[in-house]
Amino acid sequence: METEKKKAHPTEVIPENKRNFWKTMKNQKVLYFMSIPFVIWVFIFNYLPVWGWTMAFQNYRPGRAFTEQEWVGFLHFIELFQDPHFYLVLRNTLVMSLMLLIVGFTIPILFAVLLNELKDSIFKRSVQTISYLPHFVSWVVVAGIVTKMLSTDGGVVNDVLVGLNLIDQPIQFMAQGHWFWVIVTGADIWKEMGWNSIIFLAAMAGVDPQLYEAARVDGANRWRRIWHITLPGIRPTIMVILILSIGNMISIGFERQLLLGNSLVREYSEVLELYALNYGIGMGNYSYGTALGIFNSMVSIILLLLANGLFKRMSNTSVM
């Protein structure tokens with residue numbers, strides 16, 4: 001009787017995604033072999049350096065063997081969170097990161113939408129090329145241009161403001177801390193706006209043209225087509241880029257702050273990575289700098305996981 005019942009039920013089909021790993025590897029062995037150089041590269045440059053995190057738990061002294069280092073546990077992390085200057089640097093990092101996230105994320109989308117609406121292909125390609133060029137300019141050159149434009153001696157910005165009678169005398173923009181965050185954000189937008197818009201333009205190229213034709217027949221104007229077709233069409237791309245941008249919020253680099261900053265605006269220009277550079281390498285306190293780097297990495301991972309989980313629930317979009 002039991003045998004008849006077993007025969008009555010069809011053989012259970014194993015889902016494709018649950019096939020044996022080795023069978024999959026055998027069927028796709030060429031792809032696996034092609035990926036080996038990239039796996040090795042990632043391991044060497046991304047995972048192997050994590051061994052250096054052990055310095056954060058030591059009083060690291062160059063020239064000593066690993067077994068000769070003095071282990072101090074979480075002492076450097078305790079010193080880090082007890083340092084008042086750390087919270088000042090953290091404030092600068094979070095504020096500039098938030099400004100760069102809001103402005104540096106929305107403006108490239110708007111710029112891409114405007115370029116997508118241009119009908120003259122020659123003018124469109126010209127604008128695209130011009131907007132991409134600043135990305136390939138070094139931050140050293142950009143910092144020099146910005147400093148010269150904001151200078152009190154022949155700076156274009158001060159000359160225009162004085163000429164329009166908006167101010168009575170030139171403003172020392174580079175010497176006032178409350179202007180520094182705005183200057184860094186503006187310089188970053190000018191340099192990266194065109195480059196960051198490329199991925200959104202590519203996503204817009206994949207939107208079905210028939211949707212625009214149908215909307216035009218139904219009487220939808222240009223703004224309606226943008227709002228109901230273009231933006232929803234690139235929504236997955238926007239979500240993925242936003243998740244990655246949130247994950248990189250606290251890791252904004254230090255080149256802009258180092259080159260545009262000076263001693264007069266140090267309380268507003270110093271960020272976590274610049275702080276780690278000054279105290280870790282500049283003062284030879286490698287363990288303290290490593291602890292700061294670990295904190296930076298951990299916060300980035302937590303932000304990425306939180307953003308990914310939130311957007312996965314809200315829009316079923318994730319990067320993991």
# chains A, B, ... in the order shown; residues from 1 in each chain; ligands from 1
$ residues_around --residues "Thr152 of chain A" --least-positions-apart "3" --cutoff "8 Å" --atoms "only C-alpha atoms" --output "list in words"
Gly155, Asn158, Pro170, Ile171 and Gln172 of chain A
$ closest_atom_pairs --of "segment 9-126 of chain A" --to "segment 289-302 of chain A" --cutoff "9 Å" --atoms "only C-alpha atoms" --output "CSV"
residue,atom,partner,partner_atom,distance
A:Gly52,CA,A:Thr290,CA,8.0
A:Trp53,CA,A:Thr290,CA,6.3
A:Thr54,CA,A:Thr290,CA,8.5
A:Met55,CA,A:Thr290,CA,6.5
A:Ala56,CA,A:Ala291,CA,4.8
A:Phe57,CA,A:Ala291,CA,8.0
A:Phe74,CA,A:Ala291,CA,8.9
A:His76,CA,A:Ala291,CA,6.5
A:Phe77,CA,A:Ala291,CA,6.1
A:Leu80,CA,A:Leu292,CA,7.3
$ closest_residue --among "A:Asn308, A:Ile36, A:Arg266, A:Ser287" --to "Leu75 of chain A" --atoms "only C-alpha atoms"
A:Ser287
$ select_by_dssp --residues "segment 137-232 of chain A" --states "alpha helix (DSSP H)" --output "VMD selection string"
chain A and resid 139 to 149 156 to 163 177 to 196 198 to 205 209 to 217 222 to 225 231 to 232
$ closest_residue --among "A:Leu94, A:Ala220, A:Ala307, A:Val271" --to "Val319 of chain A" --atoms "only C-alpha atoms"
A:Ala307
$ select_by_dssp --residues "segment 22-184 of chain A" --states "strand (DSSP E or B)" --output "list in words"
Gln58, Asn59, Glu70 and Trp71 of chain A
$ residues_around --residues "segment 181-193 of chain A" --least-positions-apart "2" --cutoff "7 Å" --atoms "only C-alpha atoms" --output "VMD selection string"
chain A and resid 96 99 to 100 104 108 134 to 135 178 to 179 195 to 197 256
$ atom_distance --atom1 "atom CA of Thr106 of chain A" --atom2 "atom CA of Tyr132 of chain A"
16.9 Å
$ residues_around --residues "Val140 of chain A" --least-positions-apart "5" --cutoff "10 Å" --atoms "only C-alpha atoms" --output "list of chain:residue names"
A:Ile145, A:Glu255, A:Arg256, A:Leu258, A:Leu259, A:Leu260
$ residues_around --residues "Ile246 of chain A" --least-positions-apart "4" --cutoff "7 Å" --atoms "only C-alpha atoms" --output "PDB file with all heavy atoms, in the first residue's frame"
ATOM      1  N   LEU A 242      21.710  55.154  -4.356  1.00  0.00           N
ATOM      2  CA  LEU A 242      21.469  55.786  -3.061  1.00  0.00           C
ATOM      3  C   LEU A 242      21.952  54.899  -1.913  1.00  0.00           C
ATOM      4  O   LEU A 242      22.554  55.389  -0.943  1.00  0.00           O
ATOM      5  CB  LEU A 242      19.984  56.095  -2.901  1.00  0.00           C
ATOM      6  CG  LEU A 242      19.560  56.784  -1.600  1.00  0.00           C
ATOM      7  CD1 LEU A 242      20.315  58.098  -1.423  1.00  0.00           C
ATOM      8  CD2 LEU A 242      18.048  57.017  -1.578  1.00  0.00           C
ATOM      9  N   LEU A 303      25.994  51.403   8.163  1.00  0.00           N
ATOM     10  CA  LEU A 303      25.129  52.265   7.351  1.00  0.00           C
ATOM     11  C   LEU A 303      24.671  51.547   6.083  1.00  0.00           C
ATOM     12  O   LEU A 303      23.501  51.667   5.675  1.00  0.00           O
ATOM     13  CB  LEU A 303      25.876  53.555   6.979  1.00  0.00           C
ATOM     14  CG  LEU A 303      26.096  54.568   8.102  1.00  0.00           C
ATOM     15  CD1 LEU A 303      26.957  55.727   7.605  1.00  0.00           C
ATOM     16  CD2 LEU A 303      24.757  55.100   8.620  1.00  0.00           C
ATOM     17  N   LEU A 304      25.580  50.799   5.455  1.00  0.00           N
ATOM     18  CA  LEU A 304      25.223  50.061   4.242  1.00  0.00           C
ATOM     19  C   LEU A 304      24.164  49.008   4.538  1.00  0.00           C
ATOM     20  O   LEU A 304      23.176  48.873   3.801  1.00  0.00           O
ATOM     21  CB  LEU A 304      26.472  49.416   3.649  1.00  0.00           C
ATOM     22  CG  LEU A 304      26.257  48.555   2.398  1.00  0.00           C
ATOM     23  CD1 LEU A 304      25.687  49.388   1.265  1.00  0.00           C
ATOM     24  CD2 LEU A 304      27.562  47.899   1.972  1.00  0.00           C
ATOM     25  N   ALA A 307      20.775  50.777   5.349  1.00  0.00           N
ATOM     26  CA  ALA A 307      20.169  51.330   4.138  1.00  0.00           C
ATOM     27  C   ALA A 307      19.649  50.225   3.229  1.00  0.00           C
ATOM     28  O   ALA A 307      18.549  50.318   2.675  1.00  0.00           O
ATOM     29  CB  ALA A 307      21.187  52.198   3.394  1.00  0.00           C
TER      30      ALA A 307
END
$ atom_distance --atom1 "atom CA of Gly233 of chain A" --atom2 "atom CA of Val207 of chain A"
5.9 Å
$ residues_around --residues "His85 of chain A" --least-positions-apart "4" --cutoff "10 Å" --atoms "only C-alpha atoms" --output "PDB file with all heavy atoms, in the first residue's frame"
ATOM      1  N   LEU A  80      40.168  56.948  21.911  1.00  0.00           N
ATOM      2  CA  LEU A  80      39.497  57.591  20.779  1.00  0.00           C
ATOM      3  C   LEU A  80      38.171  58.214  21.198  1.00  0.00           C
ATOM      4  O   LEU A  80      37.893  59.384  20.898  1.00  0.00           O
ATOM      5  CB  LEU A  80      39.272  56.552  19.670  1.00  0.00           C
ATOM      6  CG  LEU A  80      38.550  57.033  18.409  1.00  0.00           C
ATOM      7  CD1 LEU A  80      39.395  58.049  17.667  1.00  0.00           C
ATOM      8  CD2 LEU A  80      38.235  55.842  17.501  1.00  0.00           C
ATOM      9  N   PHE A  81      37.347  57.462  21.924  1.00  0.00           N
ATOM     10  CA  PHE A  81      36.035  57.963  22.307  1.00  0.00           C
ATOM     11  C   PHE A  81      36.097  58.946  23.482  1.00  0.00           C
ATOM     12  O   PHE A  81      35.116  59.616  23.771  1.00  0.00           O
ATOM     13  CB  PHE A  81      35.117  56.792  22.662  1.00  0.00           C
ATOM     14  CG  PHE A  81      34.764  55.934  21.479  1.00  0.00           C
ATOM     15  CD1 PHE A  81      35.181  54.617  21.409  1.00  0.00           C
ATOM     16  CD2 PHE A  81      34.034  56.448  20.420  1.00  0.00           C
ATOM     17  CE1 PHE A  81      34.870  53.820  20.316  1.00  0.00           C
ATOM     18  CE2 PHE A  81      33.723  55.669  19.323  1.00  0.00           C
ATOM     19  CZ  PHE A  81      34.141  54.356  19.257  1.00  0.00           C
ATOM     20  N   VAL A  89      35.794  66.297  14.801  1.00  0.00           N
ATOM     21  CA  VAL A  89      36.101  65.740  13.483  1.00  0.00           C
ATOM     22  C   VAL A  89      34.925  64.925  12.957  1.00  0.00           C
ATOM     23  O   VAL A  89      34.596  64.980  11.762  1.00  0.00           O
ATOM     24  CB  VAL A  89      37.378  64.876  13.567  1.00  0.00           C
ATOM     25  CG1 VAL A  89      37.627  64.155  12.249  1.00  0.00           C
ATOM     26  CG2 VAL A  89      38.578  65.731  13.935  1.00  0.00           C
ATOM     27  N   LEU A  90      34.276  64.168  13.841  1.00  0.00           N
ATOM     28  CA  LEU A  90      33.115  63.377  13.435  1.00  0.00           C
ATOM     29  C   LEU A  90      31.976  64.281  12.969  1.00  0.00           C
ATOM     30  O   LEU A  90      31.286  63.968  11.993  1.00  0.00           O
ATOM     31  CB  LEU A  90      32.659  62.508  14.601  1.00  0.00           C
ATOM     32  CG  LEU A  90      31.477  61.565  14.344  1.00  0.00           C
ATOM     33  CD1 LEU A  90      31.813  60.566  13.243  1.00  0.00           C
ATOM     34  CD2 LEU A  90      31.081  60.829  15.624  1.00  0.00           C
ATOM     35  N   ARG A  91      31.779  65.412  13.655  1.00  0.00           N
ATOM     36  CA  ARG A  91      30.754  66.378  13.233  1.00  0.00           C
ATOM     37  C   ARG A  91      31.038  66.887  11.825  1.00  0.00           C
ATOM     38  O   ARG A  91      30.141  66.929  10.967  1.00  0.00           O
ATOM     39  CB  ARG A  91      30.724  67.551  14.207  1.00  0.00           C
ATOM     40  CG  ARG A  91      29.701  68.630  13.849  1.00  0.00           C
ATOM     41  CD  ARG A  91      30.093  69.993  14.404  1.00  0.00           C
ATOM     42  NE  ARG A  91      31.305  70.499  13.760  1.00  0.00           N
ATOM     43  CZ  ARG A  91      31.843  71.684  14.047  1.00  0.00           C
ATOM     44  NH1 ARG A  91      31.298  72.458  14.976  1.00  0.00           N
ATOM     45  NH2 ARG A  91      32.935  72.090  13.402  1.00  0.00           N
ATOM     46  N   GLU A 267      39.010  73.796  12.212  1.00  0.00           N
ATOM     47  CA  GLU A 267      37.906  73.253  13.010  1.00  0.00           C
ATOM     48  C   GLU A 267      36.729  72.810  12.143  1.00  0.00           C
ATOM     49  O   GLU A 267      35.857  72.077  12.605  1.00  0.00           O
ATOM     50  CB  GLU A 267      37.428  74.294  14.019  1.00  0.00           C
ATOM     51  CG  GLU A 267      38.424  74.576  15.135  1.00  0.00           C
ATOM     52  CD  GLU A 267      37.855  75.484  16.195  1.00  0.00           C
ATOM     53  OE1 GLU A 267      36.688  75.901  16.037  1.00  0.00           O
ATOM     54  OE2 GLU A 267      38.552  75.773  17.181  1.00  0.00           O
ATOM     55  N   GLU A 270      38.755  69.488   9.051  1.00  0.00           N
ATOM     56  CA  GLU A 270      39.345  68.193   9.392  1.00  0.00           C
ATOM     57  C   GLU A 270      38.274  67.120   9.482  1.00  0.00           C
ATOM     58  O   GLU A 270      37.304  67.260  10.222  1.00  0.00           O
ATOM     59  CB  GLU A 270      40.108  68.284  10.720  1.00  0.00           C
ATOM     60  CG  GLU A 270      41.026  67.107  10.957  1.00  0.00           C
ATOM     61  CD  GLU A 270      41.937  67.313  12.143  1.00  0.00           C
ATOM     62  OE1 GLU A 270      41.673  68.222  12.962  1.00  0.00           O
ATOM     63  OE2 GLU A 270      42.918  66.557  12.275  1.00  0.00           O
ATOM     64  N   TYR A 275      42.134  63.202   9.955  1.00  0.00           N
ATOM     65  CA  TYR A 275      42.523  63.065  11.370  1.00  0.00           C
ATOM     66  C   TYR A 275      43.389  61.821  11.561  1.00  0.00           C
ATOM     67  O   TYR A 275      44.409  61.852  12.267  1.00  0.00           O
ATOM     68  CB  TYR A 275      41.246  62.984  12.205  1.00  0.00           C
ATOM     69  CG  TYR A 275      41.434  62.862  13.693  1.00  0.00           C
ATOM     70  CD1 TYR A 275      42.219  63.759  14.393  1.00  0.00           C
ATOM     71  CD2 TYR A 275      40.795  61.850  14.407  1.00  0.00           C
ATOM     72  CE1 TYR A 275      42.380  63.651  15.775  1.00  0.00           C
ATOM     73  CE2 TYR A 275      40.950  61.737  15.784  1.00  0.00           C
ATOM     74  CZ  TYR A 275      41.738  62.640  16.458  1.00  0.00           C
ATOM     75  OH  TYR A 275      41.893  62.535  17.815  1.00  0.00           O
TER      76      TYR A 275
END
$ closest_residue --among "A:Leu101, A:Leu264, A:Leu201, A:Ile130" --to "Phe173 of chain A" --atoms "only C-alpha atoms"
A:Leu264
$ atom_distance --atom1 "atom CA of Phe200 of chain A" --atom2 "atom CA of Ser131 of chain A"
14.2 Å
$ closest_residue --among "A:Asn165, A:Thr67, A:Ser269, A:Asn221" --to "Gln257 of chain A" --atoms "only C-alpha atoms"
A:Ser269
$ residues_around --residues "Ala205 of chain A" --least-positions-apart "3" --cutoff "10 Å" --atoms "only C-alpha atoms" --output "number ranges by chain"
A: 116, 199-202, 208-209, 230, 233-234
$ write_last_selection --atoms "all heavy atoms" --output "short mmCIF file (atom, residue, chain, number, x, y, z; two decimals), in the first residue's frame"
data_model
loop_
_atom_site.label_atom_id
_atom_site.label_comp_id
_atom_site.auth_asym_id
_atom_site.auth_seq_id
_atom_site.Cartn_x
_atom_site.Cartn_y
_atom_site.Cartn_z
N ASN A 116 18.60 64.30 -21.16
CA ASN A 116 17.79 63.30 -21.85
C ASN A 116 16.67 63.94 -22.65
O ASN A 116 16.21 63.37 -23.66
CB ASN A 116 17.20 62.33 -20.83
CG ASN A 116 16.52 61.15 -21.47
OD1 ASN A 116 17.14 60.38 -22.21
ND2 ASN A 116 15.23 60.99 -21.20
N ILE A 199 25.59 57.14 -15.37
CA ILE A 199 24.83 55.92 -15.09
C ILE A 199 23.33 56.17 -15.20
O ILE A 199 22.56 55.30 -15.62
CB ILE A 199 25.21 55.36 -13.70
CG1 ILE A 199 24.60 53.97 -13.51
CG2 ILE A 199 24.76 56.30 -12.58
CD1 ILE A 199 25.14 53.24 -12.31
N PHE A 200 22.88 57.38 -14.84
CA PHE A 200 21.45 57.70 -14.95
C PHE A 200 21.04 57.88 -16.42
O PHE A 200 19.95 57.48 -16.81
CB PHE A 200 21.14 58.96 -14.16
CG PHE A 200 21.43 58.84 -12.69
CD1 PHE A 200 22.45 59.57 -12.10
CD2 PHE A 200 20.71 57.97 -11.89
CE1 PHE A 200 22.74 59.45 -10.76
CE2 PHE A 200 20.98 57.84 -10.54
CZ PHE A 200 22.01 58.58 -9.98
N LEU A 201 21.92 58.46 -17.22
CA LEU A 201 21.64 58.57 -18.65
C LEU A 201 21.57 57.19 -19.30
O LEU A 201 20.72 56.95 -20.17
CB LEU A 201 22.73 59.41 -19.34
CG LEU A 201 22.68 60.91 -19.08
CD1 LEU A 201 23.96 61.57 -19.58
CD2 LEU A 201 21.46 61.53 -19.76
N ALA A 202 22.44 56.28 -18.87
CA ALA A 202 22.40 54.91 -19.40
C ALA A 202 21.10 54.22 -19.01
O ALA A 202 20.52 53.47 -19.81
CB ALA A 202 23.60 54.13 -18.89
N ASP A 208 11.50 52.14 -22.35
CA ASP A 208 10.80 51.83 -23.60
C ASP A 208 10.26 53.12 -24.24
O ASP A 208 9.44 53.82 -23.64
CB ASP A 208 9.64 50.88 -23.32
CG ASP A 208 9.02 50.33 -24.61
OD1 ASP A 208 9.43 50.77 -25.70
OD2 ASP A 208 8.12 49.47 -24.51
N PRO A 209 10.68 53.47 -25.46
CA PRO A 209 10.19 54.68 -26.14
C PRO A 209 8.68 54.65 -26.39
O PRO A 209 8.05 55.71 -26.52
CB PRO A 209 10.98 54.70 -27.45
CG PRO A 209 12.15 53.82 -27.23
CD PRO A 209 11.71 52.78 -26.26
N THR A 230 9.97 58.64 -17.00
CA THR A 230 11.43 58.66 -16.88
C THR A 230 11.89 58.30 -15.48
O THR A 230 12.70 57.38 -15.30
CB THR A 230 11.97 60.05 -17.26
OG1 THR A 230 11.53 60.39 -18.58
CG2 THR A 230 13.49 60.04 -17.22
N GLY A 233 11.12 54.81 -14.44
CA GLY A 233 11.91 53.88 -15.24
C GLY A 233 13.33 53.70 -14.70
O GLY A 233 13.92 52.63 -14.87
N ILE A 234 13.87 54.73 -14.08
CA ILE A 234 15.24 54.63 -13.54
C ILE A 234 15.22 54.47 -12.02
O ILE A 234 16.26 54.61 -11.37
CB ILE A 234 16.08 55.86 -13.93
CG1 ILE A 234 15.51 57.13 -13.30
CG2 ILE A 234 16.18 56.00 -15.43
CD1 ILE A 234 16.40 58.35 -13.48
#
$ closest_residue --among "A:Gln176, A:Ser35, A:Ser97, A:Gln169" --to "Asn262 of chain A" --atoms "only C-alpha atoms"
A:Gln176
